[in-house]
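Asker: Following this line is final24.cif, made up of mmCIF, C-alpha atoms:
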```cif
data_coords
#
loop_
_atom_site.label_atom_id
_atom_site.label_comp_id
_atom_site.auth_asym_id
_atom_site.auth_seq_id
_atom_site.Cartn_x
_atom_site.Cartn_y
_atom_site.Cartn_z
CA MET F 8 67.61 -53.60 -44.84
CA LYS F 9 66.95 -57.19 -43.87
CA ILE F 10 63.14 -57.33 -43.76
CA ARG F 11 61.83 -60.84 -43.16
CA ARG F 12 59.44 -62.45 -45.64
CA ALA F 13 56.57 -62.33 -43.15
CA LEU F 14 57.03 -58.62 -42.68
CA ALA F 15 57.33 -58.09 -46.43
CA THR F 16 53.98 -59.85 -46.81
CA ALA F 17 52.48 -57.65 -44.10
CA VAL F 18 53.77 -54.57 -45.91
CA ALA F 19 52.15 -55.72 -49.14
CA LEU F 20 48.89 -56.18 -47.24
CA ALA F 21 49.20 -52.74 -45.71
CA VAL F 22 49.79 -51.18 -49.14
CA THR F 23 46.98 -52.96 -50.98
CA THR F 24 44.28 -53.00 -48.29
CA PRO F 25 43.61 -49.23 -47.95
CA ALA F 26 42.44 -48.88 -51.56
CA ALA F 27 40.06 -51.78 -51.13
CA LEU F 28 38.68 -50.39 -47.90
CA LEU F 29 38.11 -46.95 -49.37
CA ALA F 30 35.79 -48.54 -51.95
CA VAL F 31 33.40 -49.74 -49.23
CA SER F 32 30.25 -47.60 -48.93
CA PRO F 33 29.61 -45.97 -45.56
CA ALA F 34 26.01 -47.27 -45.78
CA TYR F 35 25.23 -50.91 -46.54
CA ALA F 36 28.29 -51.95 -48.52
CA ASP F 37 28.36 -53.85 -51.77
CA THR F 38 29.83 -57.26 -51.02
CA LYS F 39 31.50 -57.60 -54.45
CA PRO F 40 35.26 -58.04 -53.99
CA VAL F 41 37.46 -55.09 -54.90
CA THR F 42 40.63 -56.05 -56.71
CA GLN F 43 43.81 -54.07 -57.17
CA THR F 44 47.15 -55.09 -58.59
CA GLN F 45 50.22 -54.14 -56.65
CA GLU F 46 53.77 -54.48 -57.81
CA LYS F 47 55.61 -56.79 -55.46
CA LYS F 48 58.52 -55.23 -53.62
CA SER F 49 60.83 -57.58 -51.79
CA LYS F 50 62.67 -54.80 -49.99
CA PRO F 51 60.52 -51.68 -49.47
CA THR F 52 62.32 -48.56 -48.30
CA ILE F 53 61.56 -46.86 -45.01
CA LYS F 54 59.90 -44.02 -46.92
CA GLU F 55 57.62 -46.51 -48.68
CA LEU F 56 56.80 -48.13 -45.35
CA GLU F 57 55.97 -44.73 -43.85
CA THR F 58 53.64 -44.07 -46.76
CA ALA F 59 52.01 -47.47 -46.24
CA VAL F 60 51.48 -46.68 -42.54
CA ALA F 61 49.87 -43.33 -43.38
CA GLU F 62 47.55 -44.92 -45.94
CA ALA F 63 46.65 -47.77 -43.61
CA LYS F 64 45.90 -45.31 -40.81
CA GLU F 65 43.65 -43.20 -43.06
CA ALA F 66 41.86 -46.31 -44.34
CA TYR F 67 41.28 -47.55 -40.81
CA GLU F 68 39.87 -44.22 -39.65
CA LYS F 69 37.42 -44.15 -42.57
CA ALA F 70 36.47 -47.80 -42.07
CA ALA F 71 35.94 -47.23 -38.36
CA LYS F 72 33.67 -44.23 -39.05
CA ALA F 73 31.73 -46.22 -41.66
CA LYS F 74 31.28 -49.00 -39.11
CA ALA F 75 30.05 -46.57 -36.45
CA ASP F 76 27.55 -44.98 -38.89
CA ALA F 77 26.36 -48.41 -39.98
CA LEU F 78 25.82 -49.46 -36.37
CA VAL F 79 23.56 -46.47 -35.80
CA GLU F 80 21.64 -47.34 -38.98
CA LEU F 81 21.39 -50.99 -37.93
CA ARG F 82 19.93 -50.17 -34.54
CA LYS F 83 17.43 -47.78 -36.14
CA THR F 84 16.34 -50.36 -38.71
CA LEU F 85 15.95 -53.12 -36.14
CA ASP F 86 13.90 -50.82 -33.94
CA GLU F 87 11.60 -49.86 -36.83
CA LEU F 88 11.20 -53.50 -37.87
CA GLY F 89 9.71 -54.08 -34.46
CA SER F 90 7.12 -51.31 -34.72
CA THR F 91 6.67 -48.67 -37.45
CA HIS F 92 8.38 -50.15 -40.49
CA PRO F 93 5.94 -50.93 -43.36
CA LEU F 94 6.93 -54.59 -43.21
CA ALA F 95 6.26 -54.59 -39.48
CA VAL F 96 2.85 -52.92 -39.99
CA THR F 97 1.94 -55.46 -42.69
CA ALA F 98 3.05 -58.33 -40.50
CA ALA F 99 1.01 -57.08 -37.54
CA ALA F 100 -2.11 -56.77 -39.72
CA ALA F 101 -1.56 -60.21 -41.23
CA LYS F 102 -1.14 -61.77 -37.81
CA GLN F 103 -4.35 -60.12 -36.61
CA ALA F 104 -6.21 -61.33 -39.72
CA ALA F 105 -4.96 -64.85 -39.09
CA LYS F 106 -6.14 -64.59 -35.50
CA ASP F 107 -9.60 -63.39 -36.62
CA ALA F 108 -9.79 -66.17 -39.23
CA ASP F 109 -8.95 -68.72 -36.60
CA ALA F 110 -11.74 -67.41 -34.35
CA ALA F 111 -14.22 -67.51 -37.27
CA LYS F 112 -13.26 -71.11 -38.06
CA THR F 113 -13.68 -72.06 -34.40
CA ALA F 114 -17.18 -70.50 -34.37
CA ALA F 115 -18.13 -72.24 -37.64
CA ASP F 116 -16.93 -75.60 -36.32
CA GLN F 117 -19.03 -75.07 -33.19
CA ALA F 118 -22.07 -74.19 -35.36
CA VAL F 119 -21.71 -77.52 -37.17
CA THR F 120 -21.57 -79.32 -33.85
CA ASP F 121 -24.68 -77.50 -32.60
CA ALA F 122 -26.62 -78.17 -35.83
CA LYS F 123 -25.80 -81.86 -35.69
CA ALA F 124 -26.90 -81.99 -32.04
CA LYS F 125 -30.29 -80.41 -32.88
CA LEU F 126 -30.80 -82.88 -35.70
CA ALA F 127 -30.05 -85.75 -33.36
CA ASP F 128 -32.38 -84.38 -30.68
CA LEU F 129 -35.50 -84.29 -32.92
CA PRO F 130 -38.36 -86.32 -31.42
CA GLU F 131 -39.58 -89.47 -33.13
CA ASP F 132 -42.85 -87.77 -34.05
CA ALA F 133 -41.06 -84.77 -35.71
CA THR F 134 -42.65 -83.73 -38.92
CA PRO F 135 -40.85 -84.10 -42.25
CA GLU F 136 -40.59 -80.33 -42.43
CA GLN F 137 -38.74 -80.23 -39.09
CA LYS F 138 -36.32 -82.97 -40.18
CA THR F 139 -35.65 -81.21 -43.48
CA ALA F 140 -35.00 -77.90 -41.72
CA ALA F 141 -32.55 -79.54 -39.26
CA GLU F 142 -30.68 -81.32 -42.05
CA THR F 143 -30.45 -78.09 -44.05
CA ALA F 144 -29.03 -76.32 -41.00
CA VAL F 145 -26.28 -78.96 -40.73
CA THR F 146 -25.43 -78.65 -44.42
CA GLU F 147 -25.25 -74.87 -44.28
CA ALA F 148 -23.11 -74.97 -41.11
CA GLU F 149 -20.66 -77.43 -42.70
CA ALA F 150 -20.36 -75.19 -45.78
CA THR F 151 -19.65 -72.19 -43.57
CA ALA F 152 -17.04 -74.16 -41.62
CA ALA F 153 -15.30 -75.23 -44.83
CA SER F 154 -15.21 -71.65 -46.04
CA ALA F 155 -13.80 -70.53 -42.66
CA ALA F 156 -11.07 -73.19 -42.82
CA THR F 157 -10.05 -72.00 -46.28
CA ALA F 158 -9.96 -68.40 -45.08
CA LYS F 159 -7.91 -69.36 -42.05
CA ALA F 160 -5.33 -71.20 -44.19
CA ALA F 161 -4.99 -68.20 -46.48
CA ALA F 162 -4.64 -65.81 -43.51
CA ASP F 163 -2.03 -68.05 -41.87
CA ALA F 164 -0.02 -68.14 -45.11
CA LYS F 165 -0.11 -64.36 -45.41
CA ALA F 166 0.92 -63.95 -41.78
CA THR F 167 3.84 -66.37 -42.22
CA GLU F 168 4.96 -64.54 -45.36
CA ALA F 169 4.78 -61.15 -43.62
CA VAL F 170 6.75 -62.36 -40.57
CA THR F 171 9.36 -63.96 -42.84
CA ALA F 172 9.74 -60.67 -44.69
CA VAL F 173 10.44 -58.89 -41.39
CA ASN F 174 12.99 -61.52 -40.34
CA ASP F 175 14.68 -61.39 -43.75
CA ALA F 176 14.96 -57.63 -43.43
CA ARG F 177 16.59 -58.02 -40.02
CA VAL F 178 19.11 -60.54 -41.41
CA ALA F 179 19.86 -58.29 -44.38
CA ALA F 180 20.49 -55.33 -42.07
CA VAL F 181 22.85 -57.34 -39.85
CA ARG F 182 24.71 -58.73 -42.88
CA ALA F 183 25.14 -55.28 -44.33
CA TYR F 184 26.60 -54.07 -41.04
CA SER F 185 28.90 -57.11 -40.79
CA VAL F 186 30.55 -56.14 -44.09
CA LEU F 187 31.67 -52.83 -42.62
CA ASP F 188 32.52 -54.49 -39.31
CA LYS F 189 34.90 -56.88 -41.10
CA ALA F 190 36.27 -54.05 -43.21
CA ALA F 191 37.17 -52.13 -40.04
CA ASP F 192 38.85 -55.24 -38.55
CA ASP F 193 40.82 -55.78 -41.77
CA ALA F 194 41.84 -52.13 -41.82
CA LEU F 195 43.05 -52.34 -38.22
CA ALA F 196 45.05 -55.49 -39.00
CA ALA F 197 46.60 -53.78 -42.03
CA LYS F 198 47.47 -50.72 -39.93
CA ILE F 199 49.12 -52.85 -37.22
CA ALA F 200 51.05 -54.86 -39.82
CA ALA F 201 52.27 -51.71 -41.55
CA GLU F 202 53.39 -50.15 -38.25
CA ALA F 203 55.18 -53.37 -37.25
CA ALA F 204 56.94 -53.56 -40.61
CA LEU F 205 58.08 -49.94 -40.31
CA ALA F 206 59.29 -50.45 -36.73
CA GLN F 207 61.23 -53.57 -37.71
CA ALA F 208 62.79 -51.83 -40.70
CA VAL F 209 63.85 -48.85 -38.57
CA LYS F 210 65.27 -51.19 -35.93
CA GLU F 211 67.27 -53.17 -38.48
CA ALA F 212 68.53 -49.97 -40.08
CA GLU F 213 69.70 -48.72 -36.68
CA GLU F 214 71.39 -52.06 -35.94
CA GLU F 215 73.17 -51.98 -39.29
CA GLU F 216 74.27 -48.41 -38.62
CA GLU F 217 75.62 -49.40 -35.20
CA GLU F 218 77.48 -52.32 -36.74
CA GLU F 219 78.99 -50.03 -39.37
CA GLU F 220 80.04 -47.52 -36.73
CA GLY F 221 81.64 -50.34 -34.72
CA ASP F 222 79.90 -49.40 -31.50
CA VAL F 223 81.84 -51.01 -28.62
CA CYS F 224 80.45 -51.50 -25.13
CA GLU F 225 82.44 -50.48 -22.11
CA PRO F 226 82.48 -53.31 -19.52
CA GLU F 227 81.47 -52.75 -15.92
CA ASN F 228 84.26 -53.83 -13.54
CA ASP F 229 82.51 -53.01 -10.27
CA LEU F 230 80.54 -56.26 -10.09
CA THR F 231 82.03 -58.94 -7.81
CA ALA F 232 81.24 -62.60 -7.10
CA GLU F 233 82.65 -64.29 -3.99
CA VAL F 234 82.18 -67.70 -2.38
CA THR F 235 82.01 -68.18 1.39
CA GLY F 236 81.82 -71.35 3.46
CA LEU F 237 83.41 -73.76 0.96
CA PRO F 238 85.90 -75.95 2.94
CA ASN F 239 89.36 -76.51 1.52
CA LYS F 240 88.93 -80.24 2.19
CA LEU F 241 85.93 -82.37 1.20
CA VAL F 242 85.23 -86.07 1.66
CA ALA F 243 83.64 -88.25 -1.03
CA GLY F 244 80.08 -89.25 -0.14
CA THR F 245 79.30 -86.03 1.76
CA THR F 246 77.25 -82.87 1.09
CA THR F 247 78.45 -79.34 1.81
CA ASP F 248 76.46 -76.11 1.88
CA PHE F 249 78.14 -72.81 1.05
CA ALA F 250 77.15 -69.49 -0.51
CA LEU F 251 77.84 -67.12 -3.38
CA ARG F 252 77.47 -63.36 -2.94
CA VAL F 253 77.21 -61.03 -5.94
CA THR F 254 77.75 -57.34 -5.14
CA ASN F 255 77.15 -54.19 -7.16
CA GLY F 256 80.03 -51.92 -6.23
CA SER F 257 79.18 -49.28 -8.79
CA ASP F 258 77.12 -46.12 -8.48
CA ARG F 259 74.40 -47.18 -10.93
CA ASN F 260 71.64 -49.76 -11.20
CA MET F 261 72.21 -53.15 -12.80
CA ASP F 262 68.96 -54.45 -14.30
CA GLU F 263 69.52 -58.21 -14.45
CA ILE F 264 72.16 -60.32 -12.71
CA ILE F 265 73.36 -63.75 -13.83
CA ALA F 266 75.79 -65.98 -11.94
CA TYR F 267 77.96 -68.80 -13.27
CA THR F 268 79.40 -71.65 -11.26
CA GLY F 269 81.39 -74.71 -12.23
CA VAL F 270 82.85 -77.38 -9.95
CA PHE F 271 85.25 -80.02 -11.26
CA ALA F 272 86.95 -83.08 -9.80
CA THR F 273 90.56 -83.59 -10.94
CA ASP F 274 93.41 -85.99 -10.36
CA LYS F 275 96.68 -86.69 -12.12
CA THR F 276 94.82 -88.14 -15.11
CA GLY F 277 92.95 -84.93 -15.77
CA ILE F 278 89.42 -83.53 -15.35
CA LYS F 279 86.83 -86.08 -14.31
CA GLU F 280 83.27 -86.19 -15.57
CA THR F 281 81.75 -83.62 -13.26
CA GLY F 282 78.20 -84.89 -13.59
CA LYS F 283 79.36 -88.36 -12.60
CA PHE F 284 80.95 -87.37 -9.28
CA PHE F 285 79.72 -83.90 -8.32
CA ARG F 286 76.20 -82.51 -8.08
CA LEU F 287 75.90 -78.74 -7.62
CA GLN F 288 72.55 -77.20 -6.67
CA TRP F 289 71.43 -73.65 -5.95
CA SER F 290 68.55 -71.74 -4.38
CA THR F 291 67.69 -68.09 -3.76
CA LYS F 292 65.21 -66.14 -1.69
CA SER F 293 62.91 -65.80 -4.69
CA SER F 294 63.47 -69.45 -5.76
CA PRO F 295 63.89 -71.38 -2.50
CA LYS F 296 63.57 -74.82 -4.09
CA TRP F 297 66.91 -76.46 -4.80
CA GLN F 298 67.77 -76.51 -8.52
CA SER F 299 70.65 -78.02 -10.47
CA THR F 300 72.91 -75.63 -12.37
CA GLY F 301 72.52 -77.68 -15.55
CA GLU F 302 74.87 -78.07 -18.47
CA ASP F 303 75.41 -74.32 -18.94
CA ASP F 304 76.44 -73.78 -15.30
CA TYR F 305 74.44 -70.56 -15.03
CA ILE F 306 72.05 -69.25 -12.36
CA ASP F 307 69.58 -66.71 -13.69
CA GLY F 308 66.74 -64.67 -12.25
CA LEU F 309 68.84 -62.99 -9.55
CA GLY F 310 67.01 -59.78 -10.30
CA PRO F 311 68.32 -56.20 -10.35
CA LEU F 312 70.92 -54.74 -8.00
CA LYS F 313 70.93 -51.17 -6.76
CA PRO F 314 74.25 -49.38 -6.22
CA GLY F 315 76.09 -50.86 -3.24
CA SER F 316 73.64 -53.74 -2.77
CA HIS F 317 74.20 -57.48 -3.05
CA THR F 318 72.31 -60.71 -3.60
CA ASP F 319 73.09 -64.14 -2.14
CA VAL F 320 72.83 -67.59 -3.69
CA LYS F 321 72.80 -70.73 -1.56
CA LEU F 322 74.93 -73.53 -3.03
CA ARG F 323 74.96 -77.22 -2.17
CA LEU F 324 77.71 -79.55 -3.40
CA THR F 325 77.25 -83.32 -3.13
CA LEU F 326 80.23 -85.67 -3.76
CA ASP F 327 79.48 -89.18 -4.90
CA LYS F 328 81.06 -91.95 -2.79
CA ALA F 329 82.98 -93.06 -5.89
CA THR F 330 84.66 -89.66 -6.26
CA PRO F 331 88.41 -90.41 -6.50
CA ALA F 332 90.82 -88.78 -4.07
CA GLY F 333 92.53 -85.83 -5.67
CA ASN F 334 91.86 -82.19 -6.17
CA GLY F 335 88.78 -80.14 -6.83
CA VAL F 336 88.27 -76.65 -8.13
CA ALA F 337 85.25 -74.33 -8.18
CA PHE F 338 84.96 -71.39 -10.56
CA VAL F 339 82.49 -68.54 -10.06
CA ALA F 340 81.65 -65.44 -12.05
CA ALA F 341 78.74 -63.04 -12.48
CA ASP F 342 77.46 -60.90 -15.29
CA PHE F 343 74.72 -58.33 -15.82
CA TYR F 344 72.84 -56.62 -18.61
CA ASN F 345 70.55 -53.61 -18.85
CA LYS F 346 67.08 -53.82 -20.36
CA ASP F 347 67.55 -50.60 -22.29
CA GLY F 348 70.22 -52.32 -24.36
CA SER F 349 73.20 -50.65 -22.73
CA CYS F 350 76.20 -52.85 -21.98
CA GLY F 351 76.73 -55.06 -19.02
CA GLY F 352 79.94 -56.49 -17.66
CA MET F 353 81.45 -59.64 -16.23
CA THR F 354 83.30 -60.09 -12.97
CA ASP F 355 86.71 -61.70 -12.72
CA LEU F 356 86.55 -65.47 -12.91
CA ASN F 357 87.49 -66.52 -9.36
CA MET F 358 88.87 -69.97 -8.59
CA TYR F 359 88.58 -71.88 -5.30
CA GLU F 360 90.78 -74.98 -4.88
CA PHE F 361 90.06 -77.82 -2.46
CA ASP F 362 91.28 -81.35 -1.74
CA VAL F 363 89.05 -84.37 -2.21
CA LYS F 364 89.48 -87.16 0.36
CA ALA F 365 88.43 -90.77 -0.23
CA ALA F 366 85.05 -91.86 1.12
CA GLY F 367 85.13 -92.71 4.82
CA SER F 368 88.27 -90.73 5.58
CA LYS F 369 88.54 -87.79 7.99
CA PRO F 370 89.00 -84.35 6.48
CA GLY F 371 91.09 -83.17 9.40
CA LYS F 372 91.39 -79.49 10.16
CA THR F 373 89.67 -77.41 7.48
CA GLU F 374 89.28 -73.77 6.65
CA ASP F 375 87.47 -71.84 3.93
CA ALA F 376 88.93 -72.17 0.47
CA LYS F 377 90.62 -68.94 -0.62
CA PRO F 378 89.88 -67.30 -3.95
CA SER F 379 92.45 -66.69 -6.63
CA LYS F 380 92.15 -65.28 -10.10
CA ALA F 381 91.54 -68.14 -12.49
CA PRO F 382 94.18 -68.67 -15.19
CA LYS F 383 92.95 -67.46 -18.52
CA PRO F 384 92.37 -70.42 -20.81
CA GLY F 385 94.93 -70.52 -23.60
CA THR F 386 97.54 -68.34 -21.85
CA GLY F 387 100.98 -69.71 -21.24
CA ASN F 388 102.81 -72.49 -23.07
CA THR F 389 100.60 -75.33 -21.77
CA GLY F 390 100.18 -77.17 -25.02
CA THR F 391 96.55 -77.84 -24.22
CA THR F 392 93.26 -76.70 -25.66
CA PRO F 393 90.42 -75.88 -23.21
CA LEU F 394 87.63 -78.37 -23.14
CA GLY F 395 84.47 -77.15 -24.86
CA SER F 396 86.37 -75.33 -27.61
CA SER F 397 85.67 -76.76 -31.05
CA SER F 398 87.78 -74.29 -32.99
CA GLY F 399 90.96 -74.62 -30.99
CA THR F 400 90.64 -70.97 -29.96
CA PRO F 401 90.29 -70.85 -26.17
CA ALA F 402 87.55 -68.82 -24.54
CA GLN F 403 89.01 -65.76 -22.86
CA THR F 404 88.06 -64.37 -19.48
CA GLY F 405 89.50 -62.31 -16.68
CA THR F 406 89.45 -58.63 -15.74
CA GLY F 407 87.64 -56.51 -18.30
CA GLY F 408 86.61 -59.56 -20.30
CA SER F 409 82.93 -58.77 -20.43
CA LEU F 410 80.96 -61.58 -21.94
CA ALA F 411 77.83 -59.42 -21.78
CA ALA F 412 79.31 -56.76 -24.03
CA THR F 413 77.26 -58.01 -26.96
CA GLY F 414 74.44 -55.62 -26.12
CA SER F 415 72.03 -58.56 -25.81
CA SER F 416 68.73 -57.96 -24.04
CA SER F 417 68.39 -61.63 -23.06
CA ALA F 418 69.70 -63.17 -19.87
CA THR F 419 70.99 -66.23 -21.68
CA GLY F 420 72.41 -64.02 -24.40
CA SER F 421 75.04 -62.62 -22.02
CA ILE F 422 77.79 -64.98 -20.88
CA ALA F 423 75.95 -67.86 -22.52
CA LEU F 424 76.67 -66.43 -25.97
CA ALA F 425 80.35 -66.67 -25.25
CA GLY F 426 79.93 -70.22 -23.91
CA GLY F 427 79.82 -70.09 -20.11
CA ALA F 428 80.43 -73.81 -19.73
CA ALA F 429 83.30 -73.66 -22.22
CA VAL F 430 84.93 -70.85 -20.26
CA LEU F 431 84.72 -72.79 -17.02
CA LEU F 432 85.93 -76.02 -18.57
CA GLY F 433 88.77 -74.18 -20.28
CA ALA F 434 89.88 -72.68 -16.99
CA ALA F 435 89.65 -76.10 -15.37
CA ALA F 436 91.84 -77.59 -18.09
CA VAL F 437 94.55 -74.98 -17.49
CA PHE F 438 94.27 -75.64 -13.76
CA VAL F 439 94.98 -79.36 -14.30
CA VAL F 440 98.02 -78.58 -16.42
CA ARG F 441 99.32 -76.28 -13.72
CA ARG F 442 98.79 -79.04 -11.14
CA ARG F 443 100.72 -81.50 -13.27
CA LYS F 444 103.65 -79.07 -13.63
CA ALA F 445 103.66 -78.45 -9.90
CA GLY F 446 103.73 -82.20 -9.26
CA SER F 447 106.62 -82.73 -11.71
CA ALA F 448 108.62 -79.92 -10.15
CA ALA F 449 108.16 -81.47 -6.73
#
```
Please render this file's structure as structure tokens.
Answerer:
Amino acid sequence: MKIRRALATAVALAVTTPAALLAVSPAYADTKPVTQTQEKKSKPTIKELETAVAEAKEAYEKAAKAKADALVELRKTLDELGSTHPLAVTAAAAKQAAKDADAAKTAADQAVTDAKAKLADLPEDATPEQKTAAETAVTEAEATAASAATAKAAADAKATEAVTAVNDARVAAVRAYSVLDKAADDALAAKIAAEAALAQAVKEAEEEEEEEEGDVCEPENDLTAEVTGLPNKLVAGTTTDFALRVTNGSDRNMDEIIAYTGVFATDKTGIKETGKFFRLQWSTKSSPKWQSTGEDDYIDGLGPLKPGSHTDVKLRLTLDKATPAGNGVAFVAADFYNKDGSCGGMTDLNMYEFDVKAAGSKPGKTEDAKPSKAPKPGTGNTGTTPLGSSSGTPAQTGTGGSLAATGSSSATGSIALAGGAAVLLGAAAVFVVRRRKAGSAA
């Protein structure tokens, strides 16, 4: 099985993580790292991956329970640290003692102030005994105030220490919980990685089995693509609006529809640079803004089609004034795919021929260009190789030639995988050769 390196790494994580997580205590866990050696396996088997998933699931369940228990313990501890915990009781008493010491210091400071005021208020005829008594009162008050200041400082220190102890206990409780919180997150990541690795391995095994069995998709031939309103004569320097209708003629749903269009200017010298002379744009009901078809010539996002329903695409073709007189050809096709991986199918590649008149000329009487099955690139003794083919092997198309039969679940992985632009250019090349032969015969 072709398991990518990233998934192999995830598998290793899924195998080694459970043992580490099981070593974490359901209470406040020891933060010392748990180590375990694991033999590296570049290509684990599906059975080994299933075992890794089971172990990762069990480890996650235990880690999640440990986290839940720790959260209950954390809330209880934080609540007690705010009221009945011994550290909280000590802190409350220390804060009250600091408050009382502060009040005592304030009273002592006021006593010093009062004693000094009495000393200053003694009359000039105060006796020596009165002066001595007042001075003694000041001295005693100052001594009391100094003692109160010392007591206050000591009480403040004890209060700060007690509050710090409470805060440290809170931090320790939260940190202890965070260990189990992270362990649960790691266990979940390991579980997801293990499940993803197993799913990828199973998918790749199924794909390899399908490849070995040579599973072939049956194309859907009841999808049609038709152009209406394209004149059989166009004049250089003008713009023409026409439409493409894609119809589901089958009795089942088609999940995603893609259309392909290619318009080419030709003359006796061959295919002209389409982007130089022609500009093809498209719009739909869901995407009303005009958009260019781009280099790949595809129109995506046409949505699903129910049995018997259709979807329309507005097309706008602008011819540059410098477009040489000659011939033009438009090719259209459609494809679909199903999101469940079942096969899609391509329509016939229809071709619409028209004449290109020089700028300023009159087109004369016109009618809608008629469709014809496009020549398959590479068929017939033309001696030419379709444009866009680097290998010399022409891209094939036509009835039953499903380009979506790859089983791709991507819109651009349908016709685009077979080279939509190459198919259209190849058909255009064969068309030019046929024109040349017709001209020689005439």
Asker: Figure out the distance between atom CA of Lys112 of chain F and atom CA of Thr143 of chain F, please, to one decimal in Å.
Answerer: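 That distance, rounded to one decimal, is 19.5 Å.
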Asker: In Å to one decimal, how far is atom CA of Ala124 of chain F from atom CA of Gln137 of chain F?
Answerer: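 Going from atom CA of Gln137 of chain F over to atom CA of Ala124 of chain F covers 13.9 Å.
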Asker: For Lys328 of chain F, work out the shell of residues within 10 Å, counting only C-alpha atoms and skipping chain neighbours fewer than 3 positions away, then give it as a PyMOL selection string.
Answerer: chain F and resi 242-245+284-285+325+331+365-367
Asker: So, with all atoms listed in the file as the atoms that count, which of F:Ala191, F:Ala158, F:Ala197, F:Leu324 lies closest to Ser299 of chain F?
Answerer: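 Between F:Ala191, F:Ala158, F:Ala197, F:Leu324, the residue approaching Ser299 of chain F most closely is F:Leu324.
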Asker: Quick check, in Å to one decimal: how far apart do atom CA of Ala71 of chain F and atom CA of Ala176 of chain F lie?
Answerer: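 Atom-to-atom, atom CA of Ala71 of chain F to atom CA of Ala176 of chain F, that is 24.0 Å.
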Asker: Counting only C-alpha atoms, which of F:Val119, F:Ala148, F:Ala66, F:Ala169 gets nearest to Ala98 of chain F?
Answerer: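 Smallest separation from Ala98 of chain F among the options: F:Ala169.
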Asker: So, counting all atoms listed in the file, which residue among F:Pro51, F:Gly301, F:Pro378, F:Gly236 is closest to Ala204 of chain F?
Answerer: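 Checking each candidate against Ala204 of chain F, we get F:Pro51 as the closest.
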Asker: Of the candidates F:Ala70, F:Thr231, F:Val173, F:Thr247, which shows the shortest atom-to-atom distance to Glu87 of chain F, using all atoms listed in the file?
Answerer: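 That would be F:Val173, the residue with the smallest distance to Glu87 of chain F.
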Asker: So, with all atoms listed in the file as the atoms that count, which of F:Thr268, F:Ala208, F:Val320, F:Asp107 lies closest to Lys50 of chain F?
Answerer: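 Once distances to Lys50 of chain F are computed over all atoms listed in the file, the minimum belongs to F:Ala208.
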Asker: Applying the PyMOL selection byres ((chain F and resi 251) around 7) to the file I just gave you, which residues come out? Please list them as a list in words.
Answerer: Ala232, Glu233, Val234, Thr235, Ala250, Arg252, Val253, Asp319, Val320 and Lys321 of chain F
Asker: Evaluate the PyMOL selection byres ((chain F and resi 177-186) around 7) and record the selected residues as a list in words, following the chain and residue labels used in the document.
Answerer: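 Output from the PyMOL selection byres ((chain F and resi 177-186) around 7), applied to this file: Tyr35, Ala36, Ala77, Leu78, Leu81, Leu85, Val173, Asn174, Asp175, Ala176, Leu187, Asp188, Lys189 and Ala190 of chain F.
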Asker: Suppose we keep C-alpha atoms; can you now write the selection as a PDB file, in the frame of the given file?
Answerer:
```
ATOM      1  CA  TYR F  35      25.230 -50.910 -46.540  1.00  0.00           C
ATOM      2  CA  ALA F  36      28.290 -51.950 -48.520  1.00  0.00           C
ATOM      3  CA  ALA F  77      26.360 -48.410 -39.980  1.00  0.00           C
ATOM      4  CA  LEU F  78      25.820 -49.460 -36.370  1.00  0.00           C
ATOM      5  CA  LEU F  81      21.390 -50.990 -37.930  1.00  0.00           C
ATOM      6  CA  LEU F  85      15.950 -53.120 -36.140  1.00  0.00           C
ATOM      7  CA  VAL F 173      10.440 -58.890 -41.390  1.00  0.00           C
ATOM      8  CA  ASN F 174      12.990 -61.520 -40.340  1.00  0.00           C
ATOM      9  CA  ASP F 175      14.680 -61.390 -43.750  1.00  0.00           C
ATOM     10  CA  ALA F 176      14.960 -57.630 -43.430  1.00  0.00           C
ATOM     11  CA  LEU F 187      31.670 -52.830 -42.620  1.00  0.00           C
ATOM     12  CA  ASP F 188      32.520 -54.490 -39.310  1.00  0.00           C
ATOM     13  CA  LYS F 189      34.900 -56.880 -41.100  1.00  0.00           C
ATOM     14  CA  ALA F 190      36.270 -54.050 -43.210  1.00  0.00           C
TER      15      ALA F 190
END
```
Asker: May I ask which of the residues F:Asp121, F:Glu202, F:Asp86, F:Glu168 is the closest one to Val60 of chain F, counting only C-alpha atoms?
Answerer: F:Glu202
Asker: Please return as a list of chain:residue names every residue within 10 Å of (67.5, -74.1, -4.0), taking into account only C-alpha atoms and the file's own coordinates.
Answerer: F:Gln288, F:Trp289, F:Ser290, F:Thr291, F:Lys292, F:Ser293, F:Ser294, F:Pro295, F:Lys296, F:Trp297, F:Gln298, F:Ser299, F:Val320, F:Lys321, F:Leu322, F:Arg323
Asker: Please list as a list in words every residue within 6 Å of segment 255-259 of chain F, counting only C-alpha atoms and excluding residues in the same chain fewer than 5 positions away.
Answerer: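 These residues fall inside the cut-off: Asp229, Leu230, Pro314, Gly315 and Ser316 of chain F.
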Asker: Taking the file as shown, what set of residues would the PyMOL selection byres ((chain F and resi 123) around 10) give back, as a list in words?
Answerer: Gln117, Ala118, Val119, Thr120, Asp121, Ala122, Ala124, Lys125, Leu126, Ala127, Asp128, Ala141, Glu142, Ala144, Val145, Thr146, Ala148 and Glu149 of chain F
Asker: Leaving out Lys283 of chain F and any residue of its chain fewer than 6 positions from it, which residues lie within 9 Å of it when counting all atoms listed in the file, given as a list of chain:residue names?
Answerer: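 Neighbouring residues, sequence-local ones excluded: F:Asp327, F:Ala329, F:Thr330.
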Asker: Any chance you could export the current selection's C-alpha atoms as a PDB file, in the coordinates of the input?
Answerer:
```pdb
ATOM      1  CA  ASP F 327      79.480 -89.180  -4.900  1.00  0.00           C
ATOM      2  CA  ALA F 329      82.980 -93.060  -5.890  1.00  0.00           C
ATOM      3  CA  THR F 330      84.660 -89.660  -6.260  1.00  0.00           C
TER       4      THR F 330
END
```
